[in-house]
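Input: a single structure, listed below in structure tokens.
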Amino acid sequence: MLSDYITTVLAAGWISLRLAFLALLLAVVLGLLGALGKRSGSRLLRWPVEVYTTVVRGVPDLVLMLLVFYSLPALLNQGLESLGWDYYVEFSPFAAGCATLGLIFGAYMTETFRGALQGIPHGQIEAAQAYGLGRARTFFGIVLPQMIRLALPGFTNNWLVLVKGTALVSLLGLQDIMFRARGAAEATGKPFTFYLIAGGFYLAITVISLLALMWLGKRYSMGVRELSQ
């Protein structure tokens, strides 16, 4: 009986992982666009990004999640009704959680990538342009590899916080590992056991992520170490 509950709880870990990876993908895209926007010479691009990062980092994650899941569909439905459209908008807990976490950590990734881009000597970009390299080849061949190395510490921290942030989506009704751990704890009267299992799951993801990102950091730092010797 107890083993069945444990299996059910651990099986929900896949939902939490899928949510985390999809939210990370959205956060990375928004972070790259935001970082490029902040470094743009156009105020028309800089100001929206400044507002986005300031607002998102200043409002609690749970508040934003509740706004996206409950308030945004209600607002959209009111607008559609006023236009006379017979259409009803409703977000699933997974979609709302993924979008919210992506938006939240996109703001943090923006600052991470912006700092990494600032750490790349501008002379290297000028040298690439002098050799006739186009913008795409300069970015992917010179800027991006160095940006990854410089952004990895901040990226690692953001990823670990994002993974733990997926637990908040259980409050929207998503049957992730926290949702099922809470259900199993209430059904069996053994909250310590099942919350410990959920905590162990997040800890395992943290350890695996740290090892993988440490390896990636060493890989991208190999040339730097050789030049410094």
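Labeling convention for the structure tokens: chains A, B, ... as they appear, residues from 1 per chain, ligands from 1 in order of appearance.
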Item checked: Residues near A:Leu66, cut-off 10 Å, only C-alpha atoms, skip fewer than 6 positions along chain, as a list in words -> Leu72, Ala96, Gly97, Thr100, Val169, Leu171 and Leu172 of chain A
Determine, using only C-alpha atoms, which residues of stretch 138-169 of chain A have any atom at most 9 Å from an atom of stretch 202-207 of chain A, and tabulate each with its shortest atom pair and distance in Å to one decimal place, rows ordered by chain and then rising number, as a tab-separated table.
```
residue	atom	partner	partner_atom	distance
A:Leu160	CA	A:Thr206	CA	6.3
A:Val163	CA	A:Tyr202	CA	7.5
A:Lys164	CA	A:Tyr202	CA	6.8
```
Export of prior selection with N, CA, C and O atoms as a compact mmCIF listing (two decimals), in the first residue's frame:
```
# COMPACT_ATOMS: atom_id res chain seq x y z
N LEU A 160 18.49 26.36 -10.66
CA LEU A 160 18.18 25.67 -9.41
C LEU A 160 16.98 26.29 -8.71
O LEU A 160 16.13 25.57 -8.17
N VAL A 163 13.81 25.23 -10.67
CA VAL A 163 13.38 23.86 -10.38
C VAL A 163 12.57 23.83 -9.09
O VAL A 163 11.50 23.19 -9.02
N LYS A 164 13.06 24.49 -8.07
CA LYS A 164 12.32 24.52 -6.80
C LYS A 164 11.02 25.30 -6.94
O LYS A 164 10.02 25.01 -6.27
```
Notebook entry, point to check: With only C-alpha atoms as the basis for distance, which of A:Met147, A:Gly34, A:Glu50, A:Met65 is at the shortest distance from A:Cys98?
Noted result: A:Met65
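Taking atom CA of A:Gln129 as the reference point, atom CA of A:Ile142 is found at 11.1 Å.
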Proximity of stretch 114-187 of chain A to stretch 19-32 of chain A: per-residue shortest pair, 12 Å limit, only C-alpha atoms, as a Markdown table:
```
| residue | atom | partner | partner_atom | distance |
| --- | --- | --- | --- | --- |
| A:Arg114 | CA | A:Leu32 | CA | 8.2 |
| A:Gly115 | CA | A:Gly31 | CA | 11.4 |
| A:Ala116 | CA | A:Leu32 | CA | 10.8 |
| A:Leu117 | CA | A:Leu32 | CA | 10.1 |
| A:Leu144 | CA | A:Leu32 | CA | 10.5 |
| A:Met147 | CA | A:Leu32 | CA | 10.5 |
| A:Ile148 | CA | A:Leu32 | CA | 11.3 |
| A:Ala151 | CA | A:Leu32 | CA | 11.2 |
| A:Gly154 | CA | A:Gly31 | CA | 12.0 |
| A:Phe155 | CA | A:Val28 | CA | 9.2 |
| A:Thr156 | CA | A:Leu24 | CA | 11.2 |
| A:Asn158 | CA | A:Leu24 | CA | 9.1 |
| A:Trp159 | CA | A:Leu24 | CA | 7.2 |
| A:Leu160 | CA | A:Ala20 | CA | 9.7 |
| A:Val161 | CA | A:Ala20 | CA | 10.1 |
| A:Leu162 | CA | A:Ala20 | CA | 6.7 |
| A:Val163 | CA | A:Ala20 | CA | 5.6 |
| A:Lys164 | CA | A:Ala20 | CA | 8.9 |
| A:Gly165 | CA | A:Ala20 | CA | 8.6 |
| A:Thr166 | CA | A:Ala20 | CA | 6.5 |
| A:Ala167 | CA | A:Ala20 | CA | 10.0 |
| A:Leu168 | CA | A:Leu19 | CA | 11.5 |
| A:Val169 | CA | A:Leu19 | CA | 9.3 |
| A:Ser170 | CA | A:Leu19 | CA | 11.4 |
| A:Leu174 | CA | A:Leu19 | CA | 10.2 |
| A:Gln175 | CA | A:Leu19 | CA | 11.4 |
| A:Asp176 | CA | A:Leu19 | CA | 9.1 |
| A:Ile177 | CA | A:Leu19 | CA | 11.3 |
```
Please list as a tab-separated table (two decimals) with C-alpha atoms, in the first residue's frame every residue within 8 Å of stretch 59-61 of chain A, counting only C-alpha atoms and excluding residues in the same chain fewer than 4 positions away.
```tsv
chain	number	residue	atom	x	y	z
A	55	VAL	CA	8.06	44.55	-12.48
A	65	MET	CA	1.24	32.77	-11.07
A	101	LEU	CA	7.98	30.59	-14.57
A	104	ILE	CA	9.78	35.26	-14.16
```
Next item on the list: Identify, with DSSP run on backbone atoms, the residues in stretch 23-227 of chain A assigned to alpha helix (DSSP H), and express the list as a PyMOL selection string.
Entry: chain A and resi 23-38+43-58+61-66+72-82+93-118+122-130+135-138+144-165+177-188+191-227
Let's have the selection written as a short mmCIF file (atom, residue, chain, number, x, y, z; two decimals), in the first residue's frame, with C-alpha atoms.
```cif
data_model
loop_
_atom_site.label_atom_id
_atom_site.label_comp_id
_atom_site.auth_asym_id
_atom_site.auth_seq_id
_atom_site.Cartn_x
_atom_site.Cartn_y
_atom_site.Cartn_z
CA ALA A 23 10.01 27.05 -18.53
CA LEU A 24 13.81 27.18 -18.79
CA LEU A 25 13.63 27.19 -22.59
CA LEU A 26 11.22 30.13 -22.52
CA ALA A 27 13.35 31.92 -19.91
CA VAL A 28 16.52 31.54 -21.99
CA VAL A 29 14.81 32.92 -25.11
CA LEU A 30 13.37 35.87 -23.19
CA GLY A 31 16.68 36.39 -21.40
CA LEU A 32 18.66 36.57 -24.64
CA LEU A 33 16.18 38.95 -26.23
CA GLY A 34 16.07 41.04 -23.06
CA ALA A 35 19.85 41.22 -22.77
CA LEU A 36 20.20 42.31 -26.38
CA GLY A 37 17.42 44.83 -25.86
CA LYS A 38 19.09 46.30 -22.78
CA ARG A 43 15.35 53.63 -26.00
CA LEU A 44 12.35 52.06 -27.70
CA LEU A 45 13.94 48.66 -27.03
CA ARG A 46 15.58 49.40 -23.68
CA TRP A 47 12.63 50.83 -21.77
CA PRO A 48 10.17 47.93 -22.27
CA VAL A 49 12.87 45.52 -21.10
CA GLU A 50 13.63 47.70 -18.07
CA VAL A 51 9.94 47.77 -17.15
CA TYR A 52 9.64 44.01 -17.66
CA THR A 53 12.61 43.08 -15.48
CA THR A 54 11.72 45.59 -12.76
CA VAL A 55 8.06 44.55 -12.48
CA VAL A 56 8.69 40.81 -12.65
CA ARG A 57 11.51 40.84 -10.10
CA GLY A 58 9.50 43.08 -7.78
CA ASP A 61 6.27 34.54 -7.91
CA LEU A 62 3.05 33.15 -6.46
CA VAL A 63 1.20 36.42 -7.07
CA LEU A 64 2.24 36.42 -10.74
CA MET A 65 1.24 32.77 -11.07
CA LEU A 66 -2.23 33.43 -9.64
CA LEU A 72 -5.68 36.85 -17.14
CA PRO A 73 -8.26 34.39 -18.54
CA ALA A 74 -11.07 36.33 -16.84
CA LEU A 75 -9.78 39.56 -18.37
CA LEU A 76 -9.49 37.99 -21.83
CA ASN A 77 -12.97 36.50 -21.58
CA GLN A 78 -14.42 39.86 -20.65
CA GLY A 79 -12.74 41.42 -23.68
CA LEU A 80 -13.98 38.67 -26.00
CA GLU A 81 -17.50 38.99 -24.59
CA SER A 82 -17.51 42.75 -25.15
CA PRO A 93 -2.25 24.56 -14.67
CA PHE A 94 0.72 23.26 -16.67
CA ALA A 95 0.52 25.98 -19.32
CA ALA A 96 -0.01 28.73 -16.75
CA GLY A 97 2.86 27.47 -14.61
CA CYS A 98 5.21 27.10 -17.56
CA ALA A 99 4.42 30.55 -18.92
CA THR A 100 4.70 32.23 -15.53
CA LEU A 101 7.98 30.59 -14.57
CA GLY A 102 9.36 31.34 -18.02
CA LEU A 103 8.41 35.01 -17.69
CA ILE A 104 9.78 35.26 -14.16
CA PHE A 105 13.12 33.67 -14.84
CA GLY A 106 13.36 35.34 -18.23
CA ALA A 107 13.79 38.56 -16.25
CA TYR A 108 16.58 37.06 -14.17
CA MET A 109 18.22 35.51 -17.23
CA THR A 110 18.13 38.93 -18.87
CA GLU A 111 20.39 40.32 -16.17
CA THR A 112 22.59 37.22 -16.23
CA PHE A 113 23.13 37.39 -20.00
CA ARG A 114 23.52 41.16 -19.97
CA GLY A 115 26.33 40.89 -17.42
CA ALA A 116 27.98 38.14 -19.47
CA LEU A 117 27.82 40.21 -22.64
CA GLN A 118 29.37 43.16 -20.85
CA HIS A 122 34.50 44.84 -27.41
CA GLY A 123 37.83 44.72 -29.23
CA GLN A 124 37.18 41.10 -30.16
CA ILE A 125 33.95 42.05 -31.90
CA GLU A 126 35.69 44.90 -33.72
CA ALA A 127 38.45 42.51 -34.81
CA ALA A 128 35.86 40.07 -36.17
CA GLN A 129 34.21 42.87 -38.12
CA ALA A 130 37.59 43.96 -39.45
CA ARG A 135 26.96 39.52 -37.38
CA ALA A 136 25.70 35.95 -37.24
CA ARG A 137 29.18 34.39 -37.47
CA THR A 138 30.55 36.88 -34.95
CA LEU A 144 28.13 33.09 -27.69
CA PRO A 145 30.89 30.70 -26.46
CA GLN A 146 32.32 33.38 -24.16
CA MET A 147 28.86 34.45 -23.01
CA ILE A 148 28.04 30.87 -22.02
CA ARG A 149 31.21 30.65 -19.90
CA LEU A 150 30.58 33.98 -18.19
CA ALA A 151 26.86 33.37 -17.69
CA LEU A 152 27.12 29.84 -16.29
CA PRO A 153 27.34 30.80 -12.57
CA GLY A 154 24.24 32.99 -12.77
CA PHE A 155 22.49 30.53 -15.09
CA THR A 156 23.14 27.71 -12.62
CA ASN A 157 21.63 29.66 -9.75
CA ASN A 158 18.58 30.64 -11.82
CA TRP A 159 18.03 27.05 -12.94
CA LEU A 160 18.18 25.67 -9.41
CA VAL A 161 15.72 28.27 -8.14
CA LEU A 162 13.44 27.60 -11.12
CA VAL A 163 13.38 23.86 -10.38
CA LYS A 164 12.32 24.52 -6.80
CA GLY A 165 9.81 27.10 -8.04
CA ILE A 177 5.37 15.64 -7.33
CA MET A 178 4.38 18.13 -4.61
CA PHE A 179 0.67 17.75 -5.36
CA ARG A 180 0.85 13.97 -5.14
CA ALA A 181 3.11 14.06 -2.08
CA ARG A 182 0.54 16.19 -0.30
CA GLY A 183 -2.26 13.83 -1.35
CA ALA A 184 -0.31 10.77 -0.21
CA ALA A 185 0.56 12.43 3.09
CA GLU A 186 -3.09 13.19 3.79
CA ALA A 187 -4.26 9.70 2.74
CA THR A 188 -1.70 7.78 4.79
CA PRO A 191 3.49 13.59 5.95
CA PHE A 192 7.15 13.28 6.95
CA THR A 193 7.70 10.29 4.66
CA PHE A 194 6.19 11.78 1.52
CA TYR A 195 7.44 15.33 1.94
CA LEU A 196 10.90 13.85 2.54
CA ILE A 197 10.58 11.94 -0.74
CA ALA A 198 9.60 15.15 -2.54
CA GLY A 199 12.51 17.00 -0.92
CA GLY A 200 14.88 14.20 -1.91
CA PHE A 201 13.70 14.45 -5.51
CA TYR A 202 14.51 18.16 -5.69
CA LEU A 203 17.83 17.57 -3.96
CA ALA A 204 18.74 14.87 -6.49
CA ILE A 205 17.93 17.21 -9.38
CA THR A 206 20.08 19.89 -7.73
CA VAL A 207 23.09 17.58 -7.35
CA ILE A 208 22.81 16.24 -10.90
CA SER A 209 22.42 19.75 -12.30
CA LEU A 210 25.43 21.04 -10.39
CA LEU A 211 27.62 18.18 -11.64
CA ALA A 212 26.47 18.65 -15.25
CA LEU A 213 26.91 22.42 -15.20
CA MET A 214 30.31 22.14 -13.49
CA TRP A 215 31.42 19.83 -16.30
CA LEU A 216 30.06 22.29 -18.86
CA GLY A 217 31.87 25.16 -17.14
CA LYS A 218 35.17 23.28 -17.26
CA ARG A 219 34.63 22.49 -20.93
CA TYR A 220 34.07 26.14 -21.84
CA SER A 221 36.98 27.25 -19.64
CA MET A 222 39.62 24.94 -21.13
CA GLY A 223 41.02 27.53 -23.51
CA VAL A 224 41.01 30.20 -20.82
CA ARG A 225 43.00 28.01 -18.45
CA GLU A 226 45.55 27.21 -21.13
CA LEU A 227 46.07 30.89 -21.96
#
```
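Counting from atom CA of A:Lys190, the distance to atom CA of A:Val9 is 13.3 Å.
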